[in-house]
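Student: Got coords-v2.cif for you, mmCIF, C-alpha atoms:
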```cif
data_coords
loop_
_atom_site.label_atom_id
_atom_site.label_comp_id
_atom_site.auth_asym_id
_atom_site.auth_seq_id
_atom_site.Cartn_x
_atom_site.Cartn_y
_atom_site.Cartn_z
CA MET A 1117 -16.09 -0.35 -14.51
CA PRO A 1118 -18.09 -2.49 -12.04
CA LEU A 1119 -16.12 -4.42 -9.45
CA SER A 1120 -15.62 -8.13 -9.99
CA PRO A 1121 -17.47 -10.35 -7.48
CA GLU A 1122 -14.12 -11.34 -5.93
CA ASP A 1123 -12.97 -7.75 -5.45
CA GLN A 1124 -16.37 -6.69 -4.16
CA LYS A 1125 -16.42 -9.51 -1.62
CA THR A 1126 -12.90 -8.82 -0.33
CA LEU A 1127 -13.44 -5.06 -0.01
CA ALA A 1128 -16.74 -5.57 1.82
CA GLU A 1129 -15.12 -8.02 4.24
CA GLN A 1130 -12.04 -5.88 4.90
CA LEU A 1131 -13.50 -2.34 4.82
CA GLY A 1132 -17.24 -2.75 5.40
CA ALA A 1133 -20.23 -3.39 3.17
CA ASP A 1134 -21.02 0.26 2.40
CA VAL A 1135 -17.54 1.75 1.95
CA VAL A 1136 -16.88 1.14 -1.77
CA GLY A 1137 -19.98 2.07 -3.77
CA GLU A 1138 -21.00 2.63 -7.36
CA PRO A 1139 -18.48 2.83 -10.22
CA LEU A 1140 -17.78 6.25 -11.71
CA PRO A 1141 -16.19 7.48 -14.96
CA SER A 1142 -12.43 6.91 -14.82
CA LYS A 1143 -9.54 8.84 -16.33
CA PRO A 1144 -5.82 8.09 -16.71
CA ILE A 1145 -3.66 9.02 -13.71
CA ASP A 1146 -2.07 12.29 -14.84
CA ASP A 1147 -0.50 13.37 -11.55
CA SER A 1148 0.48 10.88 -8.85
CA LYS A 1149 1.09 13.61 -6.24
CA SER A 1150 -2.51 14.83 -6.57
CA LEU A 1151 -3.58 11.41 -5.31
CA PHE A 1152 -1.00 11.17 -2.53
CA SER A 1153 0.71 14.29 -1.29
CA LEU A 1154 4.12 13.71 0.28
CA ALA A 1155 3.57 16.34 2.96
CA HIS A 1156 3.77 16.51 6.76
CA GLU A 1157 0.00 16.49 7.31
CA PRO A 1158 -1.51 14.27 10.03
CA VAL A 1159 -4.31 11.93 9.01
CA THR A 1160 -6.26 9.52 11.21
CA TYR A 1161 -7.54 6.08 10.21
CA ARG A 1162 -9.69 3.47 11.94
CA PHE A 1163 -8.97 -0.22 11.41
CA THR A 1164 -12.10 -1.97 10.13
CA SER A 1165 -10.81 -5.57 10.22
CA GLY A 1166 -7.85 -7.66 11.34
CA ARG A 1167 -6.21 -7.87 14.76
CA ASN A 1168 -6.31 -4.06 15.16
CA LYS A 1169 -10.04 -3.75 14.40
CA GLY A 1170 -11.61 -0.77 16.19
CA LYS A 1171 -8.29 0.92 16.93
CA SER A 1172 -7.33 4.31 15.51
CA GLN A 1173 -4.02 5.34 13.96
CA THR A 1174 -2.76 8.86 13.27
CA LEU A 1175 -0.09 9.10 10.59
CA VAL A 1176 2.30 11.86 9.57
CA PRO A 1177 4.40 11.06 6.48
CA THR A 1178 7.98 11.90 7.46
CA ARG A 1179 10.78 12.97 5.14
CA VAL A 1180 14.01 11.10 5.89
CA GLU A 1181 17.22 12.64 4.59
CA ARG A 1182 19.84 10.47 2.88
CA PRO A 1183 23.48 11.23 1.97
CA GLY A 1184 24.05 13.28 -1.15
CA GLY A 1185 20.87 15.31 -0.81
CA LYS A 1186 18.62 12.32 -1.43
CA PHE A 1187 15.56 11.53 0.68
CA VAL A 1188 12.70 9.07 1.13
CA TRP A 1189 9.34 9.31 2.87
CA ARG A 1190 8.53 7.14 5.88
CA LEU A 1191 4.89 6.02 6.11
CA GLN A 1192 3.40 3.94 8.96
CA LEU A 1193 1.14 1.39 7.25
CA ALA A 1194 0.12 -0.41 10.45
CA PRO A 1195 1.32 -0.44 14.08
CA SER A 1196 4.36 -2.57 13.24
CA LEU A 1197 4.69 -2.01 9.47
CA ILE A 1198 6.53 0.95 7.98
CA GLY A 1199 6.77 1.63 4.25
CA PHE A 1200 9.42 3.81 2.61
CA LEU A 1201 8.26 5.83 -0.41
CA ARG A 1202 10.17 7.56 -3.20
CA GLN A 1203 8.97 9.60 -6.16
CA MET A 1204 10.69 8.60 -9.39
CA PRO A 1205 11.74 11.01 -12.18
CA ASN A 1206 8.88 9.73 -14.37
CA GLY A 1207 6.31 10.71 -11.71
CA ASP A 1208 5.66 7.24 -10.26
CA ILE A 1209 5.57 6.83 -6.47
CA VAL A 1210 7.17 3.53 -5.42
CA MET A 1211 7.84 1.66 -2.18
CA PRO A 1212 11.28 0.00 -2.35
CA SER A 1213 11.22 -1.44 1.18
CA VAL A 1214 9.04 -2.28 4.16
CA GLU A 1215 10.24 -2.44 7.76
CA ASP A 1216 8.55 -4.72 10.27
CA THR A 1217 9.41 -3.36 13.71
CA GLY A 1218 7.74 -6.31 15.43
CA ALA A 1219 10.00 -8.87 13.77
CA GLU A 1220 12.90 -6.38 13.47
CA ALA A 1221 13.15 -7.19 9.76
CA LEU A 1222 13.62 -5.21 6.57
CA VAL A 1223 12.08 -6.47 3.31
CA VAL A 1224 13.64 -4.96 0.17
CA SER A 1225 12.05 -5.43 -3.27
CA THR A 1226 13.86 -4.91 -6.60
CA PRO A 1227 12.32 -3.39 -8.63
CA ALA A 1228 10.36 -1.46 -6.01
CA ASN A 1229 6.72 -2.09 -5.18
CA LEU A 1230 4.43 0.16 -7.20
CA PHE A 1231 2.34 2.60 -5.13
CA ILE A 1232 0.93 5.04 -7.73
CA CYS A 1233 1.86 4.98 -11.42
CA LYS A 1234 1.58 8.12 -13.49
CA GLY A 1235 -0.06 7.56 -16.87
CA MET A 1236 -1.91 4.35 -15.94
CA LYS A 1237 -5.23 3.91 -17.69
CA PRO A 1238 -8.41 2.41 -16.16
CA GLY A 1239 -8.28 -1.37 -16.43
CA GLU A 1240 -4.52 -1.42 -17.11
CA THR A 1241 -2.25 -3.95 -15.37
CA ARG A 1242 1.51 -3.64 -15.02
CA ARG A 1243 3.32 -6.91 -14.35
CA ILE A 1244 6.76 -7.11 -12.79
CA THR A 1245 9.04 -9.82 -11.43
CA GLN A 1246 10.71 -8.78 -8.17
CA GLN A 1247 13.78 -10.00 -6.34
CA VAL A 1248 13.04 -9.91 -2.59
CA SER A 1249 15.61 -9.77 0.19
CA VAL A 1250 14.79 -10.18 3.89
CA ARG A 1251 17.30 -8.87 6.45
CA TYR A 1252 17.32 -8.31 10.21
CA LEU A 1253 17.64 -4.70 11.34
CA ASP A 1254 20.59 -5.43 13.63
CA ASP A 1255 22.68 -6.42 10.59
CA VAL A 1256 21.17 -5.29 7.28
CA ASN A 1257 24.17 -6.71 5.39
CA ASP A 1258 23.24 -10.22 6.50
CA GLU A 1259 20.58 -11.50 4.10
CA GLN A 1260 18.43 -14.11 5.81
CA TRP A 1261 16.21 -15.10 2.88
CA SER A 1262 15.74 -14.19 -0.73
CA GLY A 1263 13.44 -15.14 -3.55
CA LYS A 1264 11.25 -13.96 -6.40
CA LEU A 1265 7.71 -12.63 -6.56
CA LYS A 1266 5.45 -12.00 -9.53
CA SER A 1267 3.37 -8.86 -9.03
CA ASP A 1268 0.32 -7.55 -10.90
CA PHE A 1269 -0.47 -3.88 -10.26
CA THR A 1270 -3.92 -2.95 -11.61
CA TYR A 1271 -5.82 0.32 -11.94
CA VAL A 1272 -9.26 -1.19 -11.32
CA GLY A 1273 -11.35 1.97 -11.76
CA THR A 1274 -12.94 4.88 -9.91
CA TYR A 1275 -15.64 4.44 -7.26
CA ARG A 1276 -17.75 6.44 -4.82
CA VAL A 1277 -16.24 5.80 -1.38
CA LYS A 1278 -17.89 6.58 1.95
CA VAL A 1279 -15.66 6.75 5.02
CA PRO A 1280 -16.01 8.59 8.36
CA ALA A 1281 -14.02 11.53 6.93
CA GLY A 1282 -16.53 12.04 4.11
CA THR A 1283 -17.59 10.85 0.67
CA PHE A 1284 -14.98 10.79 -2.10
CA ASP A 1285 -14.50 9.79 -5.72
CA ALA A 1286 -11.53 7.45 -5.34
CA VAL A 1287 -9.19 5.60 -7.68
CA LEU A 1288 -8.86 1.91 -6.78
CA LEU A 1289 -5.42 0.31 -7.21
CA LYS A 1290 -4.95 -3.42 -6.62
CA THR A 1291 -1.71 -5.33 -6.06
CA SER A 1292 -1.56 -9.13 -6.36
CA VAL A 1293 1.67 -10.90 -5.45
CA GLU A 1294 2.68 -14.57 -5.60
CA GLY A 1295 6.00 -16.36 -5.29
CA LYS A 1296 8.54 -17.89 -2.95
CA VAL A 1297 10.98 -16.24 -0.56
CA GLY A 1298 13.33 -18.55 1.29
CA PRO A 1299 11.37 -21.63 2.41
CA ALA A 1300 8.06 -19.78 2.23
CA ARG A 1301 5.45 -19.52 -0.45
CA THR A 1302 3.55 -16.28 -0.25
CA ARG A 1303 0.38 -14.94 -1.81
CA ALA A 1304 -0.89 -11.45 -1.08
CA THR A 1305 -3.59 -9.08 -2.34
CA SER A 1306 -3.95 -5.47 -1.28
CA TYR A 1307 -6.20 -2.60 -2.31
CA SER A 1308 -5.62 1.16 -2.02
CA LEU A 1309 -8.20 3.88 -2.63
CA PHE A 1310 -6.89 7.36 -3.42
CA ALA A 1311 -9.00 10.52 -3.76
CA LYS A 1312 -7.67 13.50 -5.71
CA GLY A 1313 -6.58 16.26 -3.35
CA GLU A 1314 -7.20 14.06 -0.30
CA GLY A 1315 -4.82 11.13 -0.57
CA LEU A 1316 -5.28 7.61 0.76
CA VAL A 1317 -8.87 7.30 2.01
CA ALA A 1318 -8.99 3.51 2.52
CA MET A 1319 -6.74 0.49 2.13
CA THR A 1320 -6.42 -3.21 2.87
CA LEU A 1321 -3.38 -5.34 3.61
CA GLN A 1322 -3.53 -9.10 3.25
CA GLN A 1323 -0.70 -11.61 3.52
CA THR A 1324 -0.83 -15.38 3.21
CA VAL A 1325 2.39 -17.29 3.85
CA THR A 1326 2.88 -21.04 4.06
CA ALA A 1327 5.85 -23.04 5.40
CA PHE A 1328 7.45 -20.10 7.20
CA TRP A 1329 6.61 -16.58 8.35
CA ILE A 1330 8.63 -14.10 6.33
CA TYR A 1331 7.53 -11.22 8.54
CA ASN A 1332 4.77 -10.23 10.92
CA VAL A 1333 1.25 -9.76 9.51
CA ASP A 1334 0.21 -7.07 12.00
CA GLY A 1335 -1.06 -5.00 9.08
CA ALA A 1336 -3.46 -7.61 7.71
CA GLY A 1337 -6.93 -6.12 7.49
CA GLY A 1338 -8.43 -2.84 6.35
CA LYS A 1339 -8.60 0.77 7.48
CA VAL A 1340 -10.57 3.88 6.51
CA LEU A 1341 -9.87 7.59 6.81
CA THR A 1342 -11.62 9.25 9.76
CA SER A 1343 -10.07 12.72 9.67
CA ALA A 1344 -7.64 14.81 7.63
CA SER A 1345 -6.76 18.46 7.32
CA ARG A 1346 -8.46 18.70 3.90
CA ALA A 1347 -11.32 16.21 4.42
CA ARG A 1348 -14.69 17.25 3.03
CA ASN A 1349 -18.25 15.94 3.33
#
```
What's the structure tokens form of this structure?
Tutor:
Amino acid sequence: MPLSPEDQKTLAEQLGADVVGEPLPSKPIDDSKSLFSLAHEPVTYRFTSGRNKGKSQTLVPTRVERPGGKFVWRLQLAPSLIGFLRQMPNGDIVMPSVEDTGAEALVVSTPANLFICKGMKPGETRRITQQVSVRYLDDVNDEQWSGKLKSDFTYVGTYRVKVPAGTFDAVLLKTSVEGKVGPARTRATSYSLFAKGEGLVAMTLQQTVTAFWIYNVDGAGGKVLTSASRARN
């Protein structure tokens, strides 16, 4: 499944011209955890674009306990952006909220943002309408803004990906979001590349907001995997 000219252009600009290569045969996603292991294993990324370009970031997904034996996983997406992940009973991995430590804000999406969907087929798009709530961390009960977003989550295909950590066959997932939250209109597109047995090998974050900043865009740009405990060449 060759990349569209638009996707190819964006990925080249955000990640680098030679990162996402030729298309490969694609299969349905049969096991979300094989693409992203929720384990305490440090991985290091280098930002390839955006305000953090050239900087490195080492991440360790952290399990956070909740009352009643429940838990979520805390994942640092960018220096000031933290995503919270949960695996659903059907095998999907979702991200119900994002914390922006720079703006001291919490953004909660209902239903949750899709991260990896078990059973998705190549070329398939899942469309959802989300209610979004923005709250300050000093009083999470005080909703500052709310609104609705329309999200398209697409399994684009499988591609040969070359990053400093090695060369991988990676599944490309694309999220496109558009809508209005409070006084702001927002439009965002992000891409995530997952390799089986390795996890997230490259990703982009892009946020366009008019009229008002909902939250900081410190994460805008791309990053690639430079080292991991299971990385191979």
Student: Under the PyMOL selection byres ((chain A and resi 1246) around 7), which residues of this model are included? Write them out as a ChimeraX atom specification.
Tutor: /A:1225-1227,1244-1245,1247-1248,1264-1266
Student: Between CA of Ser1308 (chain A) and CA of Pro1158 (chain A), measure the distance and give it in Å to one decimal.
Tutor: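 Going from CA of Ser1308 (chain A) over to CA of Pro1158 (chain A), I get 18.3 Å.
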Student: Compare A:Ile1145, A:Val1136, A:Ala1300, A:Val1176 by their minimum atom-to-atom distance to Val1159 (chain A), counting only C-alpha atoms, and give me the closest one.
Tutor: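 Distance minimum relative to Val1159 (chain A) lands on A:Val1176.
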Student: Interatomic distance between CA of Leu1341 (chain A) and CA of Ile1209 (chain A)?
Tutor: 20.4 Å
Student: Mind giving me the straight-line distance from CA of Met1319 (chain A) to CA of Asp1146 (chain A) in Å, one decimal?
Tutor: 21.2 Å
Student: Scan for residues within 7 Å of the point (-6.8, 4.2, -8.1) in the coordinates of the file, using all atoms listed in the file, and reply as a ChimeraX atom specification.
Tutor: /A:1271-1274,1286-1289,1308-1310
Student: Output C-alpha atoms for every residue in the selection just made, as a CSV table (one decimal), in the frame of the given file.
Tutor:
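Result file follows (result.csv):
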```csv
chain,number,residue,atom,x,y,z
A,1271,TYR,CA,-5.8,0.3,-11.9
A,1272,VAL,CA,-9.3,-1.2,-11.3
A,1273,GLY,CA,-11.4,2.0,-11.8
A,1274,THR,CA,-12.9,4.9,-9.9
A,1286,ALA,CA,-11.5,7.4,-5.3
A,1287,VAL,CA,-9.2,5.6,-7.7
A,1288,LEU,CA,-8.9,1.9,-6.8
A,1289,LEU,CA,-5.4,0.3,-7.2
A,1308,SER,CA,-5.6,1.2,-2.0
A,1309,LEU,CA,-8.2,3.9,-2.6
A,1310,PHE,CA,-6.9,7.4,-3.4
```
Student: Identify which of the residues A:Pro1144, A:Gly1170, A:Gly1338, A:Pro1118 lies closest to Leu1131 (chain A), counting all atoms listed in the file when measuring atom-to-atom distances.
Tutor: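 Residue with the minimum atom-to-atom distance to Leu1131 (chain A): A:Gly1338.
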Student: Of the candidates A:Val1188, A:Leu1321, A:Lys1234, A:Glu1259, which shows the shortest atom-to-atom distance to Leu1222 (chain A), using all atoms listed in the file?
Tutor: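 The closest residue to Leu1222 (chain A) is A:Glu1259.
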Student: Which residue gives the smallest distance to Glu1138 (chain A) among A:Ser1196, A:Thr1283, A:Thr1320, A:Thr1270, with all atoms listed in the file counted?
Tutor: A:Thr1283
Student: If we count all atoms listed in the file, what is near Arg1190 (chain A) at a cut-off of 9 Å, once residues fewer than 5 positions away on the same chain are taken out, given as a list in words?
Tutor: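 Selected residues are Val1176, Pro1177, Thr1178, Arg1179, Val1180, Ile1198, Gly1199, Phe1200 and Leu1201 of chain A.
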Student: Excluding Lys1296 (chain A) and its own-chain neighbours fewer than 2 positions away, which residues fall within 9 Å of it when counting only C-alpha atoms? Please give them as a ChimeraX atom specification.
Tutor: /A:1262-1265,1294,1298-1303
Student: Check the smallest atom-to-atom distance from each of A:Lys1149, A:Lys1169, A:Lys1278, A:Lys1125 to Asp1208 (chain A) using only C-alpha atoms, then report the winner.
Tutor: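 Between A:Lys1149, A:Lys1169, A:Lys1278, A:Lys1125, the residue approaching Asp1208 (chain A) most closely is A:Lys1149.
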Student: Just so the selection is clear, what residues does the PyMOL selection byres ((chain A and resi 1231) around 10) cover here, as a list of chain:residue names?
Tutor: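 Evaluating the PyMOL selection byres ((chain A and resi 1231) around 10) on these coordinates yields A:Ser1148, A:Phe1152, A:Leu1201, A:Arg1202, A:Gln1203, A:Asp1208, A:Ile1209, A:Val1210, A:Met1211, A:Pro1212, A:Ala1228, A:Asn1229, A:Leu1230, A:Ile1232, A:Cys1233, A:Phe1269, A:Leu1289, A:Lys1290, A:Thr1291, A:Ser1308.
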Student: Excluding Ser1172 (chain A) and any residue of its chain fewer than 2 positions from it, enumerate the residues within 12 Å of it, using all atoms listed in the file, and give them as a ChimeraX atom specification.
Tutor: /A:1159-1165,1168-1170,1174-1175,1194-1195,1338-1343
Student: For the residues in that selection, give me C-alpha atoms as a PDB file, keeping the file's coordinate frame.
Tutor:
```pdb
ATOM      1  CA  VAL A1159      -4.310  11.930   9.010  1.00  0.00           C
ATOM      2  CA  THR A1160      -6.260   9.520  11.210  1.00  0.00           C
ATOM      3  CA  TYR A1161      -7.540   6.080  10.210  1.00  0.00           C
ATOM      4  CA  ARG A1162      -9.690   3.470  11.940  1.00  0.00           C
ATOM      5  CA  PHE A1163      -8.970  -0.220  11.410  1.00  0.00           C
ATOM      6  CA  THR A1164     -12.100  -1.970  10.130  1.00  0.00           C
ATOM      7  CA  SER A1165     -10.810  -5.570  10.220  1.00  0.00           C
ATOM      8  CA  ASN A1168      -6.310  -4.060  15.160  1.00  0.00           C
ATOM      9  CA  LYS A1169     -10.040  -3.750  14.400  1.00  0.00           C
ATOM     10  CA  GLY A1170     -11.610  -0.770  16.190  1.00  0.00           C
ATOM     11  CA  THR A1174      -2.760   8.860  13.270  1.00  0.00           C
ATOM     12  CA  LEU A1175      -0.090   9.100  10.590  1.00  0.00           C
ATOM     13  CA  ALA A1194       0.120  -0.410  10.450  1.00  0.00           C
ATOM     14  CA  PRO A1195       1.320  -0.440  14.080  1.00  0.00           C
ATOM     15  CA  GLY A1338      -8.430  -2.840   6.350  1.00  0.00           C
ATOM     16  CA  LYS A1339      -8.600   0.770   7.480  1.00  0.00           C
ATOM     17  CA  VAL A1340     -10.570   3.880   6.510  1.00  0.00           C
ATOM     18  CA  LEU A1341      -9.870   7.590   6.810  1.00  0.00           C
ATOM     19  CA  THR A1342     -11.620   9.250   9.760  1.00  0.00           C
ATOM     20  CA  SER A1343     -10.070  12.720   9.670  1.00  0.00           C
TER      21      SER A1343
END
```
Student: Counting only C-alpha atoms, which of A:Val1277, A:Leu1191, A:Gln1260, A:Ala1221 gets nearest to Asp1134 (chain A)?
Tutor: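 Nearest to Asp1134 (chain A): A:Val1277.
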Student: Scan for residues within 7 Å of the point (8.7, -6.7, 11.2) in the coordinates of the file, using all atoms listed in the file, and reply as a list in words.
Tutor: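 Protein, DNA and RNA residues close to (8.7, -6.7, 11.2): Ser1196, Leu1197, Glu1215, Asp1216, Thr1217, Gly1218, Ala1219, Glu1220, Ala1221, Leu1222, Tyr1331 and Asn1332 of chain A.
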Student: Restrict the selected residues to C-alpha atoms and save them as a PDB file, in the frame of the given file.
Tutor:
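Result went into again_21.pdb, see below:
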```pdb
ATOM      1  CA  SER A1196       4.360  -2.570  13.240  1.00  0.00           C
ATOM      2  CA  LEU A1197       4.690  -2.010   9.470  1.00  0.00           C
ATOM      3  CA  GLU A1215      10.240  -2.440   7.760  1.00  0.00           C
ATOM      4  CA  ASP A1216       8.550  -4.720  10.270  1.00  0.00           C
ATOM      5  CA  THR A1217       9.410  -3.360  13.710  1.00  0.00           C
ATOM      6  CA  GLY A1218       7.740  -6.310  15.430  1.00  0.00           C
ATOM      7  CA  ALA A1219      10.000  -8.870  13.770  1.00  0.00           C
ATOM      8  CA  GLU A1220      12.900  -6.380  13.470  1.00  0.00           C
ATOM      9  CA  ALA A1221      13.150  -7.190   9.760  1.00  0.00           C
ATOM     10  CA  LEU A1222      13.620  -5.210   6.570  1.00  0.00           C
ATOM     11  CA  TYR A1331       7.530 -11.220   8.540  1.00  0.00           C
ATOM     12  CA  ASN A1332       4.770 -10.230  10.920  1.00  0.00           C
TER      13      ASN A1332
END
```
Student: Can you sort out region 1139-1149 of chain A so it carries all heavy atoms, written as a PDB file, in the frame of the given file?
Tutor:
```
ATOM      1  N   PRO A1139     -19.585   2.432  -9.342  1.00  0.00           N
ATOM      2  CA  PRO A1139     -18.480   2.830 -10.220  1.00  0.00           C
ATOM      3  C   PRO A1139     -18.763   4.186 -10.855  1.00  0.00           C
ATOM      4  O   PRO A1139     -19.909   4.558 -11.094  1.00  0.00           O
ATOM      5  CB  PRO A1139     -18.452   1.714 -11.272  1.00  0.00           C
ATOM      6  CG  PRO A1139     -19.846   1.166 -11.283  1.00  0.00           C
ATOM      7  CD  PRO A1139     -20.356   1.298  -9.880  1.00  0.00           C
ATOM      8  N   LEU A1140     -17.698   4.923 -11.127  1.00  0.00           N
ATOM      9  CA  LEU A1140     -17.780   6.250 -11.710  1.00  0.00           C
ATOM     10  C   LEU A1140     -16.896   6.314 -12.953  1.00  0.00           C
ATOM     11  O   LEU A1140     -16.040   5.455 -13.155  1.00  0.00           O
ATOM     12  CB  LEU A1140     -17.306   7.298 -10.690  1.00  0.00           C
ATOM     13  CG  LEU A1140     -18.056   7.346  -9.358  1.00  0.00           C
ATOM     14  CD1 LEU A1140     -17.304   8.233  -8.375  1.00  0.00           C
ATOM     15  CD2 LEU A1140     -19.475   7.844  -9.556  1.00  0.00           C
ATOM     16  N   PRO A1141     -17.082   7.325 -13.802  1.00  0.00           N
ATOM     17  CA  PRO A1141     -16.190   7.480 -14.960  1.00  0.00           C
ATOM     18  C   PRO A1141     -14.730   7.611 -14.503  1.00  0.00           C
ATOM     19  O   PRO A1141     -14.442   8.297 -13.525  1.00  0.00           O
ATOM     20  CB  PRO A1141     -16.674   8.778 -15.607  1.00  0.00           C
ATOM     21  CG  PRO A1141     -18.106   8.889 -15.187  1.00  0.00           C
ATOM     22  CD  PRO A1141     -18.162   8.325 -13.797  1.00  0.00           C
ATOM     23  N   SER A1142     -13.842   6.934 -15.203  1.00  0.00           N
ATOM     24  CA  SER A1142     -12.430   6.910 -14.820  1.00  0.00           C
ATOM     25  C   SER A1142     -11.579   7.585 -15.882  1.00  0.00           C
ATOM     26  O   SER A1142     -11.888   7.544 -17.075  1.00  0.00           O
ATOM     27  CB  SER A1142     -11.960   5.460 -14.640  1.00  0.00           C
ATOM     28  OG  SER A1142     -12.676   4.818 -13.609  1.00  0.00           O
ATOM     29  N   LYS A1143     -10.491   8.186 -15.436  1.00  0.00           N
ATOM     30  CA  LYS A1143      -9.540   8.840 -16.330  1.00  0.00           C
ATOM     31  C   LYS A1143      -8.137   8.309 -16.041  1.00  0.00           C
ATOM     32  O   LYS A1143      -7.872   7.774 -14.953  1.00  0.00           O
ATOM     33  CB  LYS A1143      -9.563  10.354 -16.111  1.00  0.00           C
ATOM     34  CG  LYS A1143     -10.897  11.019 -16.419  1.00  0.00           C
ATOM     35  CD  LYS A1143     -10.815  12.519 -16.157  1.00  0.00           C
ATOM     36  CE  LYS A1143     -12.141  13.196 -16.458  1.00  0.00           C
ATOM     37  NZ  LYS A1143     -12.079  14.671 -16.200  1.00  0.00           N
ATOM     38  N   PRO A1144      -7.219   8.459 -16.986  1.00  0.00           N
ATOM     39  CA  PRO A1144      -5.820   8.090 -16.710  1.00  0.00           C
ATOM     40  C   PRO A1144      -5.265   8.899 -15.546  1.00  0.00           C
ATOM     41  O   PRO A1144      -5.710  10.020 -15.282  1.00  0.00           O
ATOM     42  CB  PRO A1144      -5.097   8.439 -18.022  1.00  0.00           C
ATOM     43  CG  PRO A1144      -6.169   8.399 -19.068  1.00  0.00           C
ATOM     44  CD  PRO A1144      -7.416   8.884 -18.392  1.00  0.00           C
ATOM     45  N   ILE A1145      -4.305   8.326 -14.839  1.00  0.00           N
ATOM     46  CA  ILE A1145      -3.660   9.020 -13.710  1.00  0.00           C
ATOM     47  C   ILE A1145      -2.641  10.001 -14.289  1.00  0.00           C
ATOM     48  O   ILE A1145      -1.589   9.603 -14.780  1.00  0.00           O
ATOM     49  CB  ILE A1145      -2.988   8.013 -12.768  1.00  0.00           C
ATOM     50  CG1 ILE A1145      -4.038   7.076 -12.165  1.00  0.00           C
ATOM     51  CG2 ILE A1145      -2.225   8.734 -11.666  1.00  0.00           C
ATOM     52  CD1 ILE A1145      -3.458   5.958 -11.322  1.00  0.00           C
ATOM     53  N   ASP A1146      -2.960  11.293 -14.235  1.00  0.00           N
ATOM     54  CA  ASP A1146      -2.070  12.290 -14.840  1.00  0.00           C
ATOM     55  C   ASP A1146      -1.099  12.914 -13.849  1.00  0.00           C
ATOM     56  O   ASP A1146      -0.119  13.536 -14.247  1.00  0.00           O
ATOM     57  CB  ASP A1146      -2.891  13.390 -15.532  1.00  0.00           C
ATOM     58  CG  ASP A1146      -3.886  14.061 -14.586  1.00  0.00           C
ATOM     59  OD1 ASP A1146      -3.902  13.702 -13.392  1.00  0.00           O
ATOM     60  OD2 ASP A1146      -4.641  14.939 -15.049  1.00  0.00           O
ATOM     61  N   ASP A1147      -1.364  12.759 -12.557  1.00  0.00           N
ATOM     62  CA  ASP A1147      -0.500  13.370 -11.550  1.00  0.00           C
ATOM     63  C   ASP A1147      -0.563  12.542 -10.282  1.00  0.00           C
ATOM     64  O   ASP A1147      -1.550  12.594  -9.541  1.00  0.00           O
ATOM     65  CB  ASP A1147      -0.940  14.810 -11.281  1.00  0.00           C
ATOM     66  CG  ASP A1147      -0.048  15.512 -10.263  1.00  0.00           C
ATOM     67  OD1 ASP A1147       1.003  14.948  -9.898  1.00  0.00           O
ATOM     68  OD2 ASP A1147      -0.411  16.613  -9.811  1.00  0.00           O
ATOM     69  N   SER A1148       0.494  11.774 -10.017  1.00  0.00           N
ATOM     70  CA  SER A1148       0.480  10.880  -8.850  1.00  0.00           C
ATOM     71  C   SER A1148       0.418  11.665  -7.546  1.00  0.00           C
ATOM     72  O   SER A1148      -0.211  11.236  -6.576  1.00  0.00           O
ATOM     73  CB  SER A1148       1.700   9.966  -8.871  1.00  0.00           C
ATOM     74  OG  SER A1148       2.895  10.723  -8.922  1.00  0.00           O
ATOM     75  N   LYS A1149       1.060  12.842  -7.485  1.00  0.00           N
ATOM     76  CA  LYS A1149       1.090  13.610  -6.240  1.00  0.00           C
ATOM     77  C   LYS A1149      -0.260  14.228  -5.901  1.00  0.00           C
ATOM     78  O   LYS A1149      -0.497  14.580  -4.746  1.00  0.00           O
ATOM     79  CB  LYS A1149       2.165  14.694  -6.318  1.00  0.00           C
ATOM     80  CG  LYS A1149       3.590  14.144  -6.261  1.00  0.00           C
ATOM     81  CD  LYS A1149       4.625  15.240  -6.170  1.00  0.00           C
ATOM     82  CE  LYS A1149       4.596  15.906  -4.808  1.00  0.00           C
ATOM     83  NZ  LYS A1149       5.700  16.880  -4.645  1.00  0.00           N
TER      84      LYS A1149
END
```
